[in-house]
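Peer 1: Contents of input-v8.cif (mmCIF, C-alpha atoms and all ligand atoms):
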```
data_my_file
loop_
_atom_site.label_atom_id
_atom_site.label_comp_id
_atom_site.auth_asym_id
_atom_site.auth_seq_id
_atom_site.Cartn_x
_atom_site.Cartn_y
_atom_site.Cartn_z
CA MET A 1 171.01 100.68 154.10
CA SER A 2 172.66 103.31 151.92
CA ASP A 3 175.95 104.99 152.92
CA ALA A 4 174.03 108.24 153.32
CA CYS A 5 171.59 106.68 155.80
CA ALA A 6 174.34 104.89 157.73
CA THR A 7 175.81 108.22 158.82
CA CYS A 8 172.49 110.03 159.33
CA ASN A 9 170.44 110.17 162.51
CA GLY A 10 167.24 109.16 160.83
CA LEU A 11 166.03 112.66 160.03
CA CYS A 12 163.24 111.24 157.90
CA CYS A 13 161.86 109.45 160.97
CA TYR A 14 161.33 112.80 162.73
CA ASP A 15 158.53 115.30 162.27
CA VAL A 16 157.08 113.29 159.42
CA ILE A 17 153.56 111.94 159.48
CA VAL A 18 154.03 108.52 157.91
CA ARG A 19 150.93 107.33 156.13
CA ILE A 20 150.91 103.55 155.79
CA THR A 21 148.83 100.88 154.10
CA GLY A 22 146.87 98.10 155.75
CA TYR A 23 149.40 95.69 154.26
CA ASP A 24 152.21 97.54 156.11
CA ALA A 25 150.21 97.41 159.35
CA TRP A 26 149.46 93.71 158.86
CA ARG A 27 153.15 92.93 158.21
CA ILE A 28 154.34 94.88 161.27
CA LYS A 29 151.66 93.36 163.51
CA ARG A 30 152.62 89.86 162.50
CA ALA A 31 156.38 90.34 162.82
CA GLN A 32 156.31 92.32 166.06
CA ALA A 33 153.35 90.56 167.76
CA LEU A 34 151.66 93.92 168.29
CA GLU A 35 148.06 95.02 167.96
CA PHE A 36 147.29 97.73 165.39
CA SER A 37 146.25 100.02 168.22
CA GLN A 38 149.78 99.83 169.69
CA PHE A 39 151.50 101.46 166.73
CA VAL A 40 148.86 102.86 164.38
CA THR A 41 147.09 106.14 164.76
CA ILE A 42 144.22 107.14 162.59
CA GLY A 43 143.87 110.61 161.22
CA ALA A 44 141.99 112.54 158.63
CA ASP A 45 142.42 111.50 155.02
CA THR A 46 144.76 113.68 152.98
CA PRO A 47 144.57 114.28 149.24
CA THR A 48 147.40 111.84 148.60
CA GLY A 49 147.96 108.37 149.92
CA PRO A 50 146.27 105.02 149.78
CA GLY A 51 143.18 103.63 151.35
CA ALA A 52 140.93 106.23 152.93
CA PHE A 53 138.28 104.37 154.94
CA LEU A 54 134.98 105.44 156.39
CA ILE A 55 134.23 105.36 160.11
CA ASP A 56 131.07 107.15 161.21
CA GLY A 57 130.82 108.67 157.75
CA GLU A 58 134.25 110.36 158.01
CA ARG A 59 137.21 109.49 155.81
CA HIS A 60 140.27 108.37 157.75
CA ALA A 61 143.74 107.07 157.01
CA LEU A 62 146.32 104.94 158.84
CA TYR A 63 149.51 106.57 160.14
CA LEU A 64 152.45 105.36 162.20
CA GLY A 65 152.25 106.41 165.82
CA LYS A 66 154.83 108.59 167.57
CA ASN A 67 157.16 107.83 170.47
CA ALA A 68 155.37 108.34 173.80
CA GLU A 69 158.31 110.37 175.17
CA ASN A 70 159.19 112.25 172.01
CA ALA A 71 156.27 113.35 169.93
CA ARG A 72 158.56 114.14 167.00
CA ALA A 73 159.99 110.64 166.59
CA CYS A 74 158.40 107.62 165.00
CA THR A 75 157.36 105.01 167.53
CA PHE A 76 159.78 102.54 165.96
CA LEU A 77 162.85 104.77 165.95
CA MET A 78 165.51 103.29 168.27
CA HIS A 79 167.73 105.70 170.18
CA LEU A 80 171.13 104.02 170.61
CA PRO A 81 174.19 105.18 172.56
CA GLY A 82 176.28 107.84 170.83
CA GLU A 83 173.32 109.72 169.35
CA ILE A 84 172.78 106.93 166.85
CA ARG A 85 169.23 106.33 165.72
CA ARG A 86 168.02 103.37 163.74
CA CYS A 87 164.71 101.94 162.57
CA GLY A 88 163.66 99.21 165.00
CA ILE A 89 161.63 97.33 162.39
CA TYR A 90 163.94 97.71 159.43
CA ALA A 91 162.99 94.43 157.71
CA GLU A 92 159.27 95.14 158.06
CA ARG A 93 159.30 98.92 157.77
CA PRO A 94 156.43 100.36 155.74
CA ARG A 95 157.00 100.44 152.00
CA VAL A 96 156.83 104.22 152.04
CA CYS A 97 159.89 104.19 154.36
CA ALA A 98 161.68 101.61 152.21
CA VAL A 99 161.35 103.76 149.09
CA TYR A 100 162.38 107.02 150.77
CA PRO A 101 163.89 109.29 149.46
CA MET A 102 163.13 108.09 145.92
CA THR A 103 160.06 108.54 143.81
CA PHE A 104 159.03 108.04 140.23
CA THR A 105 159.27 111.09 138.01
CA ASN A 106 157.91 110.48 134.52
CA GLY A 107 158.36 106.76 135.12
CA SER A 108 162.01 107.05 136.16
CA VAL A 109 163.57 106.68 139.61
CA ALA A 110 164.38 110.15 140.94
CA LEU A 111 165.19 111.89 144.20
CA ARG A 112 162.20 113.47 145.91
CA SER A 113 162.20 117.22 145.95
CA ASP A 114 161.20 117.42 149.64
CA ILE A 115 163.84 115.21 151.27
CA ARG A 116 164.95 115.84 154.85
CA CYS A 117 168.65 115.15 154.20
CA GLU A 118 171.03 116.90 151.84
CA ALA A 119 170.37 116.01 148.22
CA SER A 120 174.15 115.93 147.80
CA ASN A 121 174.16 112.82 150.05
CA TRP A 122 172.68 110.92 147.15
CA ASN A 123 174.82 110.34 144.11
CA MET A 124 172.23 109.36 141.53
CA ALA A 125 174.98 108.08 139.25
CA THR A 126 175.81 105.30 141.70
CA ILE A 127 172.43 104.19 143.12
CA THR A 128 171.18 100.71 142.24
CA TYR A 129 168.28 101.59 139.96
CA PRO A 130 166.69 98.09 139.74
CA TYR A 131 166.55 97.94 143.56
CA TRP A 132 164.77 101.28 143.87
CA ARG A 133 162.52 100.62 140.88
CA ARG A 134 161.42 97.29 142.30
CA ASN A 135 160.73 98.85 145.74
CA LEU A 136 158.76 101.73 144.23
CA LEU A 137 156.67 99.37 142.11
CA GLU A 138 155.95 97.15 145.10
CA HIS A 139 154.95 100.22 147.10
CA LEU A 140 152.54 101.31 144.35
CA PHE A 141 151.15 97.82 143.96
CA GLU A 142 150.54 97.30 147.69
CA SER A 143 149.00 100.78 147.90
CA HIS A 144 146.65 99.77 145.10
CA LEU A 145 145.72 96.52 146.91
CA TYR A 146 145.03 98.41 150.12
CA GLY A 147 142.98 100.90 148.14
CA LEU A 148 140.79 98.03 146.92
CA VAL A 149 140.37 96.71 150.47
CA ALA A 150 139.34 100.12 151.80
CA GLU A 151 137.06 100.85 148.82
CA ARG A 152 135.14 97.62 149.35
CA TRP A 153 134.67 98.52 153.03
CA ASN A 154 133.41 101.97 152.07
CA GLU A 155 131.07 100.65 149.36
CA SER A 156 129.53 98.18 151.76
CA SER A 157 128.44 101.16 153.89
CA ALA A 158 130.68 99.91 156.67
CA PRO A 159 128.73 97.01 158.13
CA SER A 160 126.92 97.57 161.39
CA GLY A 161 128.06 101.12 161.76
CA GLY A 162 131.66 100.21 160.97
CA THR A 163 133.69 100.65 164.12
CA LEU A 164 137.47 100.96 164.06
CA PRO A 165 138.05 97.52 165.69
CA GLN A 166 135.81 96.00 163.00
CA TYR A 167 137.79 97.74 160.30
CA TYR A 168 141.10 96.56 161.76
CA ALA A 169 139.76 92.98 161.96
CA TYR A 170 138.55 93.19 158.35
CA VAL A 171 141.91 94.52 157.13
CA GLU A 172 143.76 91.79 158.99
CA ARG A 173 141.64 89.03 157.54
CA CYS A 174 141.91 90.46 154.04
CA PHE A 175 145.70 90.57 154.19
CA ASP A 176 145.91 87.11 155.78
CA ALA A 177 144.12 85.87 152.67
CA ILE A 178 145.90 88.15 150.18
CA ASP A 179 149.30 87.15 151.54
CA ALA A 180 148.34 83.46 151.39
CA ARG A 181 147.33 83.97 147.74
CA ARG A 182 150.66 85.69 147.14
CA SER A 183 152.50 82.66 148.59
CA GLU A 184 150.48 80.29 146.40
CA ILE A 185 151.46 82.24 143.31
CA GLY A 186 155.13 81.96 144.27
CA LYS A 187 157.83 84.59 144.53
CA GLU A 188 158.96 84.60 140.90
CA SER A 189 155.45 84.88 139.48
CA PHE A 190 154.46 87.49 142.03
CA ASP A 191 157.60 89.53 141.26
CA ASN A 192 156.64 89.47 137.58
CA LEU A 193 153.14 90.53 138.44
CA VAL A 194 154.44 93.52 140.43
CA LEU A 195 156.87 94.51 137.69
CA HIS A 196 154.22 94.47 134.99
CA TRP A 197 151.00 95.38 136.76
CA GLN A 198 150.90 98.88 135.27
CA GLN A 199 152.61 98.12 131.98
CA ALA A 200 151.81 94.57 131.04
CA VAL A 201 154.21 93.18 128.47
CA ASP A 202 151.75 90.80 126.84
CA GLU A 203 148.21 89.46 127.06
CA SER A 204 149.09 86.66 129.41
CA ALA A 205 150.74 89.09 131.87
CA THR A 206 147.62 91.30 131.67
CA ALA A 207 145.44 88.27 132.39
CA ARG A 208 147.56 87.30 135.42
CA VAL A 209 147.30 90.80 136.90
CA LYS A 210 143.53 90.90 136.29
CA SER A 211 143.13 87.47 137.83
CA PHE A 212 145.08 88.43 140.97
CA LEU A 213 143.13 91.66 141.41
CA ALA A 214 139.87 89.76 140.92
CA ASP A 215 141.00 87.37 143.65
CA VAL A 216 141.62 90.35 145.94
CA GLU A 217 138.12 91.70 145.23
CA GLY A 218 136.71 88.26 146.01
CA ILE A 219 138.64 88.10 149.27
CA CYS A 220 137.32 91.52 150.34
CA THR A 221 133.74 90.52 149.57
CA LEU A 222 134.11 87.29 151.52
CA GLU A 223 135.70 89.01 154.52
CA LEU A 224 132.97 91.66 154.58
CA THR A 225 130.44 88.85 154.76
CA VAL A 226 132.32 87.30 157.67
CA CYS A 227 132.47 90.71 159.33
CA SER A 228 128.68 91.19 158.94
CA SER A 229 127.85 87.70 160.18
CA LYS A 230 129.84 88.22 163.39
CA THR A 231 127.91 91.32 164.42
S1 LIG B 1 166.85 108.97 153.72
FE1 LIG B 1 167.98 110.84 154.19
S2 LIG B 1 167.06 111.59 156.11
FE2 LIG B 1 166.49 109.44 155.89
S3 LIG B 1 168.05 108.27 157.04
FE3 LIG B 1 168.70 108.35 154.87
S4 LIG B 1 170.06 110.11 154.74
FE4 LIG B 1 168.86 110.35 156.64
S1 LIG B 2 159.13 102.76 160.54
FE1 LIG B 2 161.36 102.93 160.71
S2 LIG B 2 162.00 103.94 158.82
FE2 LIG B 2 159.80 104.29 159.01
S3 LIG B 2 159.60 106.30 160.05
FE3 LIG B 2 159.58 104.68 161.64
S4 LIG B 2 161.70 104.45 162.34
FE4 LIG B 2 161.73 105.55 160.37
#
```
Transcribe the structure of this file into structure tokens.
Ligand code: SF4
Ligand code: SF4
Peer 2:
Amino acid sequence: MSDACATCNGLCCYDVIVRITGYDAWRIKRAQALEFSQFVTIGADTPTGPGAFLIDGERHALYLGKNAENARACTFLMHLPGEIRRCGIYAERPRVCAVYPMTFTNGSVALRSDIRCEASNWNMATITYPYWRRNLLEHLFESHLYGLVAERWNESSAPSGGTLPQYYAYVERCFDAIDARRSEIGKESFDNLVLHWQQAVDESATARVKSFLADVEGICTLELTVCSSKT
């Protein structure tokens, strides 16, 4: 946690509609032993953000739910004594939370222009650029993976009418398999893949990225088949 965040009351966890990926939801579900329906809300797709999916012909997106007693606060925001607020799922928080308040501007790490805290809290001369760059790239990569998962669902015309529980089950199975593939590849190789997926350094890196994305497509196709055969 940055020094700025340590003394802040989690302003960015208030009044913000946090759009997440299926990979985020899968990670949180697994770590917290929750069902998607306990912390995810679905809402209309917005022009930005990953993975719009079709239910009943309408495009939807996944968002973090809000606290039942405080509609402004994220469902995972802990309210501690002394007006201190902290993320209750820090290690598994969505990538979009982990990269906040940074973004890429012309390929460089930069402060977002719409941040909830004071820009002066962030001394860009002292931030750890490789840390933020790595997080931003992972966020983009996982968003891309989730985009593929949702696209395959949409292209398949949402099997059997495509209910929300079916979509959640499909997403879960896809990310079970994608994460297993990620483990097989190994951390170092996967880190390289993430670092170079948009700007491959050589032909072999390009081939590794293509191969992984082809595996993801294959996983989606297989899981759609399983989904269809169960209905
Ligand atoms: S990113 Fe900004 S608003 Fe969010 S906790 Fe840190 S200092 Fe506060
Ligand atoms: S998941 Fe954590 S960091 Fe993200 S909005 Fe909720 S409380 Fe804040």
Peer 1: Using all atoms listed in the file, can you list as a list in words the residues within 12 Å of (169.9, 105.8, 163.5)?
Peer 2: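 Neighbouring residues, ordered by chain and number, come to Met1, Ala4, Cys5, Ala6, Thr7, Cys8, Asn9, Gly10, Leu11, Cys12, Cys13, Tyr14, Ala73, Cys74, Phe76, Leu77, Met78, His79, Leu80, Pro81, Gly82, Glu83, Ile84, Arg85, Arg86, Cys87, Gly88, Ile89 and Tyr90 of chain A.
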Peer 1: Hey, can you check how far atom S1 of ligand LIG 1 (chain B) sits from CA of Pro101 (chain A)?
Peer 2: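 Atom S1 of ligand LIG 1 (chain B) sits 5.2 Å away from CA of Pro101 (chain A).
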Peer 1: What would the list of residues within 12 Å of (156.5, 105.6, 132.7) (file frame) look like as a count of residues only, if all atoms listed in the file are what count?
Peer 2: 11
Peer 1: Do you have the CA of Leu136 (chain A)-CA of Thr75 (chain A) distance handy?
Peer 2: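 Separation of CA of Leu136 (chain A) and CA of Thr75 (chain A): 23.6 Å.
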Peer 1: So for ligand LIG 1 (chain B), what box centre and size do we get, axis-aligned, 6 Å extra on each of the six sides, every listed atom, Å to one decimal, as AutoDock Vina command-line options?
Peer 2:
```
--center_x 168.3 --center_y 109.9 --center_z 155.4 --size_x 15.6 --size_y 15.3 --size_z 15.3
```
Peer 1: Can you work out the spacing between CA of Glu223 (chain A) and CA of Cys174 (chain A) in Å, to one decimal?
Peer 2: 6.4 Å
Peer 1: Could you give me, as an MDAnalysis selection string, the residues within 8 Å of region 56-64 of chain A, counting all atoms listed in the file and dropping anything in the same chain fewer than 4 positions from it?
Peer 2: chainID A and resid 17:22 39:46 50:52 74:75 161:163
Peer 1: Give the answer as one residue: which of A:Ala119, A:Ala169, A:Leu213, A:Leu193 has the shortest atom-to-atom distance to ligand LIG 1 (chain B), using all atoms listed in the file?
Peer 2: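 Closest candidate: A:Ala119.
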Peer 1: Compare A:Arg72, A:Arg182, A:Arg93, A:Lys66 by their minimum atom-to-atom distance to ligand LIG 2 (chain B), counting all atoms listed in the file, and give me the closest one.
Peer 2: A:Arg93
Peer 1: Need to verify the contact set: Leu145 (chain A), 12 Å, all atoms listed in the file, exclusion of same-chain residues closer than 6 positions in sequence. Can you return it as a PyMOL selection string?
Peer 2: chain A and resi 21-24+50-51+138-139+151-152+171+174-175+178-179+182+194+197+209+212-217+219-220
Peer 1: Restricting the calculation to all atoms listed in the file, which member of A:Ala25, A:Leu222, A:Ala110, A:Ala150 is positioned closest to ligand LIG 2 (chain B)?
Peer 2: A:Ala25
Peer 1: Which one is closest to Ile127 (chain A): A:Ala205, A:Leu195, A:Met102, A:Leu148? Count all atoms listed in the file.
Peer 2: A:Met102
